[in-house]
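Asker: Handing you a structure now.
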Amino acid sequence: MSLETPEKIRTLQRKLYGKAKAEPEYRYYLLYDKICREDILFHAYRLARANAGAPGVDGMTFARIEAEGLDAWLASLREDLVSKTYRPAPVRRVMIPKPGGGERPLGIPTIRDRVAQTAAKLVLEPIFEADFEDGAYGYRPGRSAVDAIKEVHRLICRGYTDVVDADLSKYFDTIPHADLLKSVARRVSDRHVLWLVKLWLKAPVEERGDDGKRRMSGGKDSKCGTPQGGVMAP
């Protein structure tokens, strides 16, 4: 399965990026219909499939989706998005060990939600890419931590002597929803896209205790935090 971005989608992304780069104050008012496009949802599924990952709270796997019929599954998701009846499922939380000790909470959306989030990312990412400083490397397409290290090495070779290593403590756990939505709204005025992002921010989190009991947190009343592990978290 080729993961190369289809030319039709790439053309859309180039146009979105070009407009954003040329007009820093421009706000996009018609984007939701792009997220709902059949070709974008199909490519989003391919990308989610390539990343694999564990099932969400519904237990649905890629193998089961394809066994039961991928076309019908994608059509159902698209119908819910178009009709605005789409609602994300709770995010399954698991704890993973951190290299330096302790644990990090990881949120696992259902495959259905991962595909919807990836479709939104395909449309929104080119817009916000245009606003990043050239020295930013985190969560950017075609860039990695290795690229950042190479740039640090290049600057050291040019005579720079100081390197500052900093991190934001519990950033994903504490990011305020209102400020985040305001930041998105500076570039996106399409209320349906903002509604979609808000749905993902307010999705409840499901945990299973040692006793096997289901515990829920977050939800519509939560004011901060976004599950680290979802496609839209960065």
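Convention: chains lettered A, B, ... in structure tokens order; per-chain residue numbering from 1; ligands numbered from 1 as shown.
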Based on DSSP run over this structure's backbone, return all residues of stretch 25-131 of chain A in alpha helix (DSSP H), as a ChimeraX atom specification.
Answerer: /A:32-35,38-51,62-68,70-82,111-129
Asker: Tell me, as a list of chain:residue names, which residues lie within 12 Å of A:Lys170, counting only C-alpha atoms; anything in the same chain fewer than 2 positions away does not count.
Answerer: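 Near A:Lys170, the qualifying residues are A:Glu103, A:Arg104, A:Pro105, A:Asp167, A:Leu168, A:Phe172, A:Asp173, A:Thr174, A:Ile175, A:Pro176, A:Cys224, A:Gly225, A:Thr226, A:Pro227, A:Gln228.
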Asker: Residues near A:Ala120, anyone? I mean within 12 Å using only C-alpha atoms, not counting same-chain ones fewer than 6 positions away, as JSON, numbers by chain.
Answerer: {"A": [13, 31, 32, 33, 34, 35, 36, 37, 40, 41, 43, 44, 45, 81, 113, 114, 126, 127, 192, 193, 194, 195, 196, 197, 200, 231, 232, 233]}
Asker: As a list of chain:residue names, please: the residues near A:His177 (cut-off 6 Å, only C-alpha atoms, same-chain neighbours under 2 positions excluded).
Answerer: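 The filter keeps A:Asp179, A:Leu180, A:Lys223, A:Cys224.
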Asker: Would you mind exporting the chosen residues as a compact mmCIF listing (two decimals), in the first residue's frame, restricted to N, CA and C atoms?
Answerer:
```
# COMPACT_ATOMS: atom_id res chain seq x y z
N ASP A 179 -7.40 28.76 25.03
CA ASP A 179 -6.29 29.41 24.33
C ASP A 179 -5.92 28.65 23.06
N LEU A 180 -5.99 27.33 23.12
CA LEU A 180 -5.67 26.53 21.94
C LEU A 180 -6.67 26.79 20.82
N LYS A 223 -11.23 21.64 31.01
CA LYS A 223 -10.77 22.94 30.54
C LYS A 223 -9.36 22.91 29.96
N CYS A 224 -8.63 21.83 30.21
CA CYS A 224 -7.25 21.78 29.74
C CYS A 224 -6.84 20.34 29.46
```
